[in-house]
Structure formats: C-alpha cells, structure tokens
Amino acid sequence: MKRPHVLASAAVSVDGFLDDASPRRLVLSGPADLDRVDAERAGVDAILVGAGTVRADDPRLLVRDADRRAERVAKGLGPSPLRVVLSSRALDPAARVLTVGRDLADTLVLGGAPEEVLGELAGHGVLRLMVEGGAAVHREFLAAGLVDELQLAVAPRLVGDGPRFTGAPATAHLVETRPVGPDVLLRYRFGDADARWLAEACSLAERCPPSRSAFSVGCVVVAADGTVLATGHSRRDDVLDHAEEVALRDLDRDDPRLPGATMYTSLEPCGQRASRPVTCTQHILDARIGRVVMAWREPPLFVGTPSGAARLEAAGVEVVECPDYAELARRPNQHR
Ligand SMILES: NC(=O)C1=CN([C@@H]2O[C@H](COP(=O)(O)OP(=O)(O)OC[C@H]3O[C@@H](n4cnc5c(N)ncnc54)[C@H](OP(=O)(O)O)[C@@H]3O)[C@@H](O)[C@H]2O)C=CC1
Ligand SMILES: Nc1c(N[C@@H]2O[C@H](COP(=O)(O)O)[C@@H](O)[C@H]2O)[nH]c(=O)[nH]c1=O
C-alpha cells in the first residue's frame, strides 16, 4: 500500500442522507460525535472534501480542540492537517478553508482522478488521509476502491430528501459498532483480511502514549473465523507494555482458537528485550499463535540485532511480512 491510508468519514441520517434539501448546513452529528471526528482529524496528515461541500457548508476543516493541536505540535506535526479541496475550477476566494486558520494549516486545491490525487498527496508526505465528503467525493473514492476504512455515524434523524451517502458495489467488513451519545458509529474496512487487519494494527499504533525510548506499535489477534480475540497497543496499561504482550494478556491461553489465529502487528515482535524478562516472541510461542503478519521489520535501535521473526519461523510459526505497510507503521515513530 504505497498510497496514503484513506479513512472516509461521514454522518448520515437513519434514511441515509448526508444533508437535507435546504440551503442551510445540517449538522447530523451530536456534540460527542463532532468531538470524535475532531480526534480523527487530529490523527491524519490531510483532510479532503469536494468543492460542493465548500460551497454548501463553507467548512474550516481544522482541528478544533487546542489540546489536540498542541499534541500534534509536540509530535513535530503542524497544528492541524493539510486541507485539500477537490475542484476543477477556482474556489470562492472568501471561502473559509482558504481564509481562516492559515497559521494552523495550508490548503491545497487539486483535481484529477482519485488515484492521481492520492499520488500527489503522497508526494506531500501524506500517509493518512481523511475524506470527509461530500456525496460525490465519497462515491468517487469508494467506486475507485481507494477507501481503507469507512466511519459512518448514524444520527437518530429521518431527513427525507437531500444528498445521499452512496458508494459502488463492494463488500464492507464491519470492524466496530459503538454508541456515541445519541449517534451510532459504524466502522468498516475494505480489502482482504490481511490488508484489513494489518491496517487496523497500524491505526492502533497511533493510540500509543508518546515515548522517546520505545516504539509505538499496534496489534490485533484474529481467529480463523474472523473473530477479533484481542487488541493491544504499546504502553496501553503500563509504561513498559508492548502491544503484542497486552493483547495476549487479555487472552485465555487455553483458548482452542489460538493455534488457528493470526496476530497482526505493526512491528516485528521483539526477540530481545531490555525492559522485561519475557519477549513478545516468547509470549506468542507460549500462546501457540499459528501465524504472524507484520508491517515493519524492527530496526536495531533499542536492542541489538532483533531476531523475533526468525525465532518464530524456527519454531514453526508462519510469518508474513507486508513491507507495503511499513511506512504507515513507522508514522507514529517518526521522532526516531
Ligand atoms: N454529513 C456529512 O458528514 C457530510 C455532508 N456533506 C454534505 O454533502 C453535500 C455536498 O456533496 P456534493 O454536492 O456531492 O459535493 P462534493 O463535496 O462531493 O463535491 C463535488 C465537487 O467536487 C469537485 N470534485 C470532485 N471530484 C473531483 C475530482 N476528482 N477532480 C476535480 N474536482 C472534483 C467538483 O467540483 P467542481 O465543480 O468545482 O469541479 C464536484 O462538483 C453538502 O450538502 C454537504 O453538507 C459533506 C460532507 C460531510
Ligand atoms: N455535517 C456533518 C459533517 N460535515 C463535515 O464537517 C465539515 C465542517 O467542518 P468545520 O469547518 O470544522 O465545522 C463539513 O464541511 C463536512 O465536511 N461532519 C460530521 O462529522 N458530522 C456532520 O453532521
């Protein structure tokens, strides 16, 4: 996956509308969901909308919360992600996306096929892109098969008429459902199982509390039938925690699904460890996990030559490395 990871995000009514037919902007999300979306914005490198949304809503496309902006700055990022508007013609120069928050984020106006747009954004260093709409842009990215994750917040409203959320024939795989205030978040991923779960592990790595002396890693353990058995990320419960270690901590070691399960991890499991006596490789062997899929081979930074993957393979575990995801896995480790 050399292009940016694409998160498509929208709020819809129960009857599938993104807006009503009136000229006023309809905010479907409740305050809790708007805050959730703000947190998602803070976690990406760029936010993209179509010119129709700029004309209809006149958005600012900024991270609203000052603490989230400060956290981004502490990570060496700009206070708010790059703003991207798709258009084939000039935008209204008074549009807020061009005039408001210029000290917080730049704005690019781009055109072209979605693949070309993603290529251009990759050239700007964008690894994570959030597509916020509107209707035409969501449809275009979904039809091109360029959406990795879809987050739909369903608001308890029936709208009746207006622009609808539509896509193109594809199977979306449900990852999570969660009430967010009065709304319900539906989170889906696309692609084959390895692509979906490795991308999910890379997203979990973004949740790690920051550290200058340890990697930020995400991990998902999935049974053969697709059931998520456990998830983890570095420093989840304790400052010394590794992602694989905390995921396996949540599992019953006698669970008969473990030998058929796959562990997806953004970084090669550690084969040497300074902080605790048991390595993640040993935890995986003790749990009898049959298959490990990893994005990024551990560079020899904190320990000597890492040997986690080799030890797993020598013990009969199937190890698959997906270097296309290495850049995404490195993103929360960029201070290194
Ligand atoms: N509920 C929600 O979460 C959201 C709702 N919305 C709603 O969606 C509606 C807007 O949707 P819609 O009208 O479909 O407009 P869009 O925001 O999808 O923008 C479509 C426009 O974007 C430009 N565009 C799209 N793709 C390309 C491309 N590949 N290259 C160049 N330009 C491109 C074109 O503009 P041009 O004509 O300039 O070339 C096109 O007309 C509004 O009602 C808004 O409120 C929007 C976002 C989120
Ligand atoms: N209406 C709607 C959304 N609309 C999106 O939010 C943009 C406005 O952002 P801002 O300028 O920061 O206020 C708007 O243009 C559109 O992309 N988003 C949601 O999560 N839920 C909603 O109900």
# chains A, B, ... in the order shown; residues from 1 in each chain; ligands from 1
>>> closest_atom_pairs(of="region 133-167 of chain A", to="region 14-20 of chain A", cutoff="8 Å", atoms="only C-alpha atoms", output="Markdown table")
| residue | atom | partner | partner_atom | distance |
| --- | --- | --- | --- | --- |
| A:Gly134 | CA | A:Leu18 | CA | 7.7 |
| A:Ala135 | CA | A:Leu18 | CA | 7.2 |
| A:Val154 | CA | A:Val14 | CA | 6.0 |
| A:Ala155 | CA | A:Val14 | CA | 6.3 |
| A:Pro156 | CA | A:Val14 | CA | 6.1 |
| A:Arg157 | CA | A:Val14 | CA | 5.8 |
| A:Leu158 | CA | A:Val14 | CA | 5.7 |
| A:Val159 | CA | A:Asp20 | CA | 6.0 |
| A:Gly160 | CA | A:Asp15 | CA | 7.1 |
| A:Asp161 | CA | A:Asp20 | CA | 5.6 |
| A:Gly162 | CA | A:Asp20 | CA | 4.3 |
| A:Pro163 | CA | A:Leu18 | CA | 5.7 |
| A:Arg164 | CA | A:Phe17 | CA | 4.2 |
| A:Phe165 | CA | A:Gly16 | CA | 5.9 |
>>> closest_atom_pairs(of="region 165-229 of chain A", to="region 23-36 of chain A", cutoff="9 Å", atoms="only C-alpha atoms", output="CSV")
residue,atom,partner,partner_atom,distance
A:Val180,CA,A:Asp33,CA,5.9
A:Gly181,CA,A:Ala32,CA,5.7
A:Pro182,CA,A:Gly30,CA,6.9
A:Asp183,CA,A:Gly30,CA,6.9
A:Val184,CA,A:Asp33,CA,8.8
A:Leu185,CA,A:Asp33,CA,8.4
>>> residues_near_ligand(ligand="ligand 1", cutoff="6 Å", atoms="only C-alpha atoms and all ligand atoms", output="list in words")
Ala10, Ala11, Val12, Leu18, Asp19, Arg25, Val49, Gly50, Ala51, Gly52, Thr53, Ala56, Asp57, Leu86, Ser87, Ser88, Arg89, Gly111, Gly112, Ala113, Pro114, Glu132, Gly133, Gly134, Ala135, Ala136, Val137 and Pro163 of chain A
>>> write_last_selection(atoms="N, CA and C atoms", output="mmCIF file, in the first residue's frame")
data_model
loop_
_atom_site.group_PDB
_atom_site.id
_atom_site.type_symbol
_atom_site.label_atom_id
_atom_site.label_comp_id
_atom_site.auth_asym_id
_atom_site.auth_seq_id
_atom_site.Cartn_x
_atom_site.Cartn_y
_atom_site.Cartn_z
ATOM 1 N N ALA A 10 -18.267 10.120 7.480
ATOM 2 C CA ALA A 10 -19.489 10.888 7.220
ATOM 3 C C ALA A 10 -20.494 10.635 8.329
ATOM 4 N N ALA A 11 -21.380 11.607 8.494
ATOM 5 C CA ALA A 11 -22.537 11.419 9.363
ATOM 6 C C ALA A 11 -23.759 11.287 8.457
ATOM 7 N N VAL A 12 -24.578 10.289 8.726
ATOM 8 C CA VAL A 12 -25.782 10.086 7.906
ATOM 9 C C VAL A 12 -27.008 9.989 8.813
ATOM 10 N N LEU A 18 -26.941 12.720 3.792
ATOM 11 C CA LEU A 18 -25.796 13.462 4.341
ATOM 12 C C LEU A 18 -26.189 14.872 4.727
ATOM 13 N N ASP A 19 -27.296 15.332 4.220
ATOM 14 C CA ASP A 19 -27.745 16.718 4.404
ATOM 15 C C ASP A 19 -29.217 16.716 4.015
ATOM 16 N N ARG A 25 -26.744 24.517 6.345
ATOM 17 C CA ARG A 25 -25.957 23.319 6.653
ATOM 18 C C ARG A 25 -26.656 22.518 7.743
ATOM 19 N N VAL A 49 -12.095 17.386 1.118
ATOM 20 C CA VAL A 49 -13.527 17.482 0.755
ATOM 21 C C VAL A 49 -13.621 17.920 -0.704
ATOM 22 N N GLY A 50 -14.818 17.780 -1.268
ATOM 23 C CA GLY A 50 -15.079 18.276 -2.608
ATOM 24 C C GLY A 50 -15.531 19.725 -2.565
ATOM 25 N N ALA A 51 -15.449 20.382 -3.749
ATOM 26 C CA ALA A 51 -15.840 21.784 -3.832
ATOM 27 C C ALA A 51 -17.328 21.962 -3.501
ATOM 28 N N GLY A 52 -18.137 20.923 -3.739
ATOM 29 C CA GLY A 52 -19.569 21.023 -3.406
ATOM 30 C C GLY A 52 -19.765 21.241 -1.915
ATOM 31 N N THR A 53 -18.948 20.582 -1.110
ATOM 32 C CA THR A 53 -19.040 20.755 0.348
ATOM 33 C C THR A 53 -18.570 22.151 0.751
ATOM 34 N N ALA A 56 -21.428 24.401 -0.119
ATOM 35 C CA ALA A 56 -22.631 24.209 0.709
ATOM 36 C C ALA A 56 -22.400 24.564 2.177
ATOM 37 N N ASP A 57 -21.221 24.183 2.713
ATOM 38 C CA ASP A 57 -21.021 24.269 4.169
ATOM 39 C C ASP A 57 -20.015 25.345 4.578
ATOM 40 N N LEU A 86 -11.053 19.235 -3.589
ATOM 41 C CA LEU A 86 -11.076 18.791 -4.983
ATOM 42 C C LEU A 86 -11.961 19.730 -5.775
ATOM 43 N N SER A 87 -11.425 20.280 -6.847
ATOM 44 C CA SER A 87 -12.229 21.162 -7.703
ATOM 45 C C SER A 87 -11.584 21.257 -9.072
ATOM 46 N N SER A 88 -12.431 21.469 -10.072
ATOM 47 C CA SER A 88 -11.890 21.659 -11.423
ATOM 48 C C SER A 88 -11.883 23.144 -11.789
ATOM 49 N N ARG A 89 -12.312 23.975 -10.837
ATOM 50 C CA ARG A 89 -12.299 25.424 -11.120
ATOM 51 C C ARG A 89 -11.927 26.192 -9.856
ATOM 52 N N GLY A 111 -7.176 18.639 -8.521
ATOM 53 C CA GLY A 111 -8.136 17.993 -9.410
ATOM 54 C C GLY A 111 -7.491 16.766 -10.012
ATOM 55 N N GLY A 112 -8.311 15.939 -10.646
ATOM 56 C CA GLY A 112 -7.784 14.729 -11.275
ATOM 57 C C GLY A 112 -8.453 13.498 -10.692
ATOM 58 N N ALA A 113 -8.134 12.350 -11.280
ATOM 59 C CA ALA A 113 -8.708 11.094 -10.795
ATOM 60 C C ALA A 113 -8.238 10.847 -9.358
ATOM 61 N N PRO A 114 -9.052 10.153 -8.562
ATOM 62 C CA PRO A 114 -8.660 9.921 -7.160
ATOM 63 C C PRO A 114 -7.271 9.308 -7.004
ATOM 64 N N GLU A 132 -13.726 13.615 3.998
ATOM 65 C CA GLU A 132 -14.945 13.975 4.749
ATOM 66 C C GLU A 132 -16.164 14.146 3.847
ATOM 67 N N GLY A 133 -16.014 13.999 2.560
ATOM 68 C CA GLY A 133 -17.191 14.105 1.695
ATOM 69 C C GLY A 133 -16.999 15.165 0.642
ATOM 70 N N GLY A 134 -18.080 15.618 0.038
ATOM 71 C CA GLY A 134 -19.453 15.193 0.277
ATOM 72 C C GLY A 134 -19.859 13.977 -0.533
ATOM 73 N N ALA A 135 -21.117 13.994 -0.981
ATOM 74 C CA ALA A 135 -21.710 12.817 -1.602
ATOM 75 C C ALA A 135 -20.898 12.363 -2.819
ATOM 76 N N ALA A 136 -20.571 13.290 -3.703
ATOM 77 C CA ALA A 136 -19.884 12.908 -4.950
ATOM 78 C C ALA A 136 -18.483 12.370 -4.654
ATOM 79 N N VAL A 137 -17.784 13.002 -3.734
ATOM 80 C CA VAL A 137 -16.406 12.587 -3.432
ATOM 81 C C VAL A 137 -16.385 11.222 -2.743
ATOM 82 N N PRO A 163 -28.794 15.272 -0.383
ATOM 83 C CA PRO A 163 -27.730 14.405 -0.908
ATOM 84 C C PRO A 163 -27.590 13.150 -0.048
#
>>> residues_around(residues="region 253-261 of chain A", least_positions_apart="3", cutoff="6 Å", atoms="only C-alpha atoms", output="PyMOL selection string")
chain A and resi 222-224+287-290
>>> residues_around(residues="Val228 (chain A)", least_positions_apart="2", cutoff="12 Å", atoms="only C-alpha atoms", output="number ranges by chain")
A: 174-176, 193, 197, 200-201, 219-226, 230-232, 247, 250-251, 257-258, 261-264
>>> select_by_dssp(residues="region 4-214 of chain A", states="strand (DSSP E)", output="JSON, numbers by chain")
{"A": [5, 6, 7, 8, 9, 10, 11, 12, 13, 46, 47, 48, 49, 50, 82, 83, 84, 85, 86, 107, 108, 109, 110, 128, 129, 130, 131, 132, 133, 149, 150, 151, 152, 153, 154, 155, 173, 174, 175, 176, 177, 178, 179, 180, 183, 184, 185, 186, 187, 188, 189]}
>>> write_last_selection(atoms="N, CA and C atoms", output="compact mmCIF listing (two decimals), in the first residue's frame")
# COMPACT_ATOMS: atom_id res chain seq x y z
N HIS A 5 -3.14 5.89 3.43
CA HIS A 5 -4.28 5.17 4.01
C HIS A 5 -5.47 6.14 3.98
N VAL A 6 -6.62 5.67 3.48
CA VAL A 6 -7.77 6.56 3.31
C VAL A 6 -8.88 6.18 4.28
N LEU A 7 -9.23 7.13 5.13
CA LEU A 7 -10.37 6.99 6.04
C LEU A 7 -11.49 7.88 5.48
N ALA A 8 -12.61 7.27 5.09
CA ALA A 8 -13.77 8.06 4.65
C ALA A 8 -14.69 8.21 5.86
N SER A 9 -15.10 9.44 6.12
CA SER A 9 -15.89 9.71 7.33
C SER A 9 -17.12 10.53 6.97
N ALA A 10 -18.27 10.12 7.48
CA ALA A 10 -19.49 10.89 7.22
C ALA A 10 -20.49 10.63 8.33
N ALA A 11 -21.38 11.61 8.49
CA ALA A 11 -22.54 11.42 9.36
C ALA A 11 -23.76 11.29 8.46
N VAL A 12 -24.58 10.29 8.73
CA VAL A 12 -25.78 10.09 7.91
C VAL A 12 -27.01 9.99 8.81
N SER A 13 -28.16 10.30 8.21
CA SER A 13 -29.42 10.08 8.91
C SER A 13 -29.77 8.59 8.81
N ALA A 46 -3.88 14.80 6.31
CA ALA A 46 -4.64 15.70 5.43
C ALA A 46 -6.12 15.36 5.52
N ILE A 47 -6.95 16.41 5.34
CA ILE A 47 -8.41 16.26 5.33
C ILE A 47 -8.89 16.75 3.96
N LEU A 48 -9.69 15.92 3.29
CA LEU A 48 -10.10 16.26 1.92
C LEU A 48 -11.62 16.36 1.82
N VAL A 49 -12.10 17.39 1.12
CA VAL A 49 -13.53 17.48 0.76
C VAL A 49 -13.62 17.92 -0.70
N GLY A 50 -14.82 17.78 -1.27
CA GLY A 50 -15.08 18.28 -2.61
C GLY A 50 -15.53 19.72 -2.57
N LEU A 82 -3.07 19.23 6.74
CA LEU A 82 -3.22 19.88 5.44
C LEU A 82 -4.69 19.79 5.00
N ARG A 83 -5.23 20.87 4.46
CA ARG A 83 -6.62 20.87 3.96
C ARG A 83 -6.57 20.73 2.44
N VAL A 84 -7.40 19.83 1.91
CA VAL A 84 -7.38 19.57 0.47
C VAL A 84 -8.81 19.69 -0.06
N VAL A 85 -8.98 20.49 -1.10
CA VAL A 85 -10.29 20.62 -1.75
C VAL A 85 -10.16 20.13 -3.18
N LEU A 86 -11.05 19.24 -3.59
CA LEU A 86 -11.08 18.79 -4.98
C LEU A 86 -11.96 19.73 -5.77
N THR A 107 -3.78 24.99 2.66
CA THR A 107 -4.87 24.43 1.85
C THR A 107 -4.38 24.22 0.43
N LEU A 108 -4.66 23.02 -0.09
CA LEU A 108 -4.32 22.71 -1.48
C LEU A 108 -5.62 22.52 -2.25
N VAL A 109 -5.72 23.06 -3.45
CA VAL A 109 -6.87 22.78 -4.32
C VAL A 109 -6.35 21.89 -5.44
N LEU A 110 -6.92 20.69 -5.55
CA LEU A 110 -6.43 19.70 -6.50
C LEU A 110 -7.55 19.21 -7.40
N ARG A 128 -1.67 9.41 6.03
CA ARG A 128 -3.06 9.16 6.46
C ARG A 128 -3.93 10.31 5.97
N LEU A 129 -4.97 9.96 5.21
CA LEU A 129 -5.88 10.95 4.64
C LEU A 129 -7.28 10.68 5.14
N MET A 130 -7.97 11.75 5.53
CA MET A 130 -9.38 11.63 5.94
C MET A 130 -10.21 12.30 4.85
N VAL A 131 -11.11 11.54 4.24
CA VAL A 131 -12.01 12.09 3.23
C VAL A 131 -13.34 12.35 3.92
N GLU A 132 -13.73 13.62 4.00
CA GLU A 132 -14.95 13.97 4.75
C GLU A 132 -16.16 14.15 3.85
N GLY A 133 -16.01 14.00 2.56
CA GLY A 133 -17.19 14.11 1.70
C GLY A 133 -17.00 15.16 0.64
N GLU A 149 -10.85 2.49 5.23
CA GLU A 149 -11.74 2.45 6.39
C GLU A 149 -12.88 3.44 6.17
N LEU A 150 -14.08 3.01 6.54
CA LEU A 150 -15.25 3.88 6.44
C LEU A 150 -15.84 4.03 7.83
N GLN A 151 -15.98 5.28 8.27
CA GLN A 151 -16.63 5.54 9.55
C GLN A 151 -17.93 6.28 9.26
N LEU A 152 -19.05 5.63 9.59
CA LEU A 152 -20.35 6.24 9.38
C LEU A 152 -20.99 6.46 10.75
N ALA A 153 -21.31 7.70 11.05
CA ALA A 153 -22.05 7.98 12.28
C ALA A 153 -23.52 8.12 11.88
N VAL A 154 -24.36 7.24 12.42
CA VAL A 154 -25.78 7.28 12.07
C VAL A 154 -26.51 8.08 13.15
N ALA A 155 -27.08 9.21 12.72
CA ALA A 155 -27.79 10.09 13.66
C ALA A 155 -29.26 9.69 13.72
N HIS A 173 -16.45 -4.70 5.46
CA HIS A 173 -16.37 -5.62 6.60
C HIS A 173 -16.47 -4.82 7.89
N LEU A 174 -17.45 -5.17 8.71
CA LEU A 174 -17.67 -4.44 9.96
C LEU A 174 -16.52 -4.70 10.92
N VAL A 175 -15.97 -3.61 11.47
CA VAL A 175 -14.88 -3.73 12.46
C VAL A 175 -15.40 -3.39 13.85
N GLU A 176 -16.30 -2.43 13.93
CA GLU A 176 -16.73 -1.96 15.26
C GLU A 176 -18.08 -1.25 15.15
N THR A 177 -18.91 -1.39 16.17
CA THR A 177 -20.09 -0.53 16.34
C THR A 177 -20.01 0.04 17.75
N ARG A 178 -20.38 1.30 17.87
CA ARG A 178 -20.24 1.95 19.18
C ARG A 178 -21.23 3.10 19.29
N PRO A 179 -22.01 3.16 20.38
CA PRO A 179 -22.84 4.35 20.57
C PRO A 179 -21.95 5.55 20.88
N VAL A 180 -22.23 6.68 20.25
CA VAL A 180 -21.51 7.93 20.54
C VAL A 180 -22.57 8.96 20.85
N ASP A 183 -25.82 9.07 18.74
CA ASP A 183 -25.49 8.54 17.41
C ASP A 183 -24.87 7.14 17.56
N VAL A 184 -24.78 6.43 16.44
CA VAL A 184 -24.11 5.12 16.45
C VAL A 184 -23.00 5.16 15.42
N LEU A 185 -21.79 4.83 15.87
CA LEU A 185 -20.66 4.77 14.94
C LEU A 185 -20.58 3.36 14.37
N LEU A 186 -20.55 3.28 13.04
CA LEU A 186 -20.31 2.02 12.33
C LEU A 186 -18.94 2.16 11.67
N ARG A 187 -18.05 1.25 11.99
CA ARG A 187 -16.70 1.32 11.42
C ARG A 187 -16.46 0.10 10.54
N TYR A 188 -16.12 0.32 9.28
CA TYR A 188 -15.91 -0.76 8.33
C TYR A 188 -14.51 -0.67 7.74
N ARG A 189 -14.00 -1.81 7.25
CA ARG A 189 -12.78 -1.82 6.45
C ARG A 189 -13.03 -2.60 5.16
>>> closest_residue(among="A:Leu98, A:Val147, A:Val73, A:Val246", to="ligand 2", atoms="only C-alpha atoms and all ligand atoms")
A:Leu98
>>> closest_residue(among="A:Pro81, A:Pro4, A:Pro59, A:Gly76", to="Val44 (chain A)", atoms="only C-alpha atoms")
A:Pro81
>>> atom_distance(atom1="CA of Asp192 (chain A)", atom2="CA of Ser307 (chain A)")
28.0 Å
>>> closest_residue(among="A:Leu267, A:Val293, A:Ala168, A:Ala199", to="Ala143 (chain A)", atoms="only C-alpha atoms")
A:Ala168
>>> select_by_dssp(residues="region 68-164 of chain A", states="helix (DSSP H, G or I)", output="number ranges by chain")
A: 68-74, 96-99, 114-123, 135-143
>>> write_last_selection(atoms="C-alpha atoms", output="PDB file, in the first residue's frame")
ATOM      1  CA  ARG A  68      -5.161  18.076  20.224  1.00  0.00           C
ATOM      2  CA  ARG A  69      -3.423  20.764  18.200  1.00  0.00           C
ATOM      3  CA  ALA A  70      -0.730  21.039  20.904  1.00  0.00           C
ATOM      4  CA  GLU A  71      -0.260  17.226  20.884  1.00  0.00           C
ATOM      5  CA  ARG A  72       0.283  17.323  17.141  1.00  0.00           C
ATOM      6  CA  VAL A  73       2.866  20.087  17.523  1.00  0.00           C
ATOM      7  CA  ALA A  74       4.646  18.058  20.242  1.00  0.00           C
ATOM      8  CA  ARG A  96     -13.169  29.839   4.999  1.00  0.00           C
ATOM      9  CA  VAL A  97     -10.970  26.900   4.027  1.00  0.00           C
ATOM     10  CA  LEU A  98      -8.779  29.459   2.219  1.00  0.00           C
ATOM     11  CA  THR A  99      -9.037  32.364   4.643  1.00  0.00           C
ATOM     12  CA  PRO A 114      -8.660   9.921  -7.160  1.00  0.00           C
ATOM     13  CA  GLU A 115      -5.558   7.768  -7.816  1.00  0.00           C
ATOM     14  CA  GLU A 116      -3.713  10.829  -9.118  1.00  0.00           C
ATOM     15  CA  VAL A 117      -4.848  12.931  -6.171  1.00  0.00           C
ATOM     16  CA  LEU A 118      -3.554  10.264  -3.769  1.00  0.00           C
ATOM     17  CA  GLY A 119      -0.257  10.118  -5.664  1.00  0.00           C
ATOM     18  CA  GLU A 120       0.116  13.880  -5.378  1.00  0.00           C
ATOM     19  CA  LEU A 121      -0.712  13.815  -1.657  1.00  0.00           C
ATOM     20  CA  ALA A 122       1.811  11.008  -1.083  1.00  0.00           C
ATOM     21  CA  GLY A 123       4.358  13.387  -2.635  1.00  0.00           C
ATOM     22  CA  ALA A 135     -21.710  12.817  -1.602  1.00  0.00           C
ATOM     23  CA  ALA A 136     -19.884  12.908  -4.950  1.00  0.00           C
ATOM     24  CA  VAL A 137     -16.406  12.587  -3.432  1.00  0.00           C
ATOM     25  CA  HIS A 138     -17.356   9.660  -1.189  1.00  0.00           C
ATOM     26  CA  ARG A 139     -18.905   7.895  -4.172  1.00  0.00           C
ATOM     27  CA  GLU A 140     -15.826   8.571  -6.317  1.00  0.00           C
ATOM     28  CA  PHE A 141     -13.308   7.223  -3.766  1.00  0.00           C
ATOM     29  CA  LEU A 142     -15.457   4.187  -2.952  1.00  0.00           C
ATOM     30  CA  ALA A 143     -16.010   3.412  -6.646  1.00  0.00           C
TER      31      ALA A 143
END
>>> atom_distance(atom1="atom 10 (P, counted along the ligand's line) of ligand 2", atom2="CA of Asp45 (chain A)")
16.4 Å
>>> atom_distance(atom1="atom 8 (C, counted along the ligand's line) of ligand 2", atom2="CA of Leu328 (chain A)")
26.4 Å
>>> closest_residue(among="A:Ala205, A:Leu285, A:Pro323, A:Ser275", to="Ala243 (chain A)", atoms="only C-alpha atoms")
A:Ala205
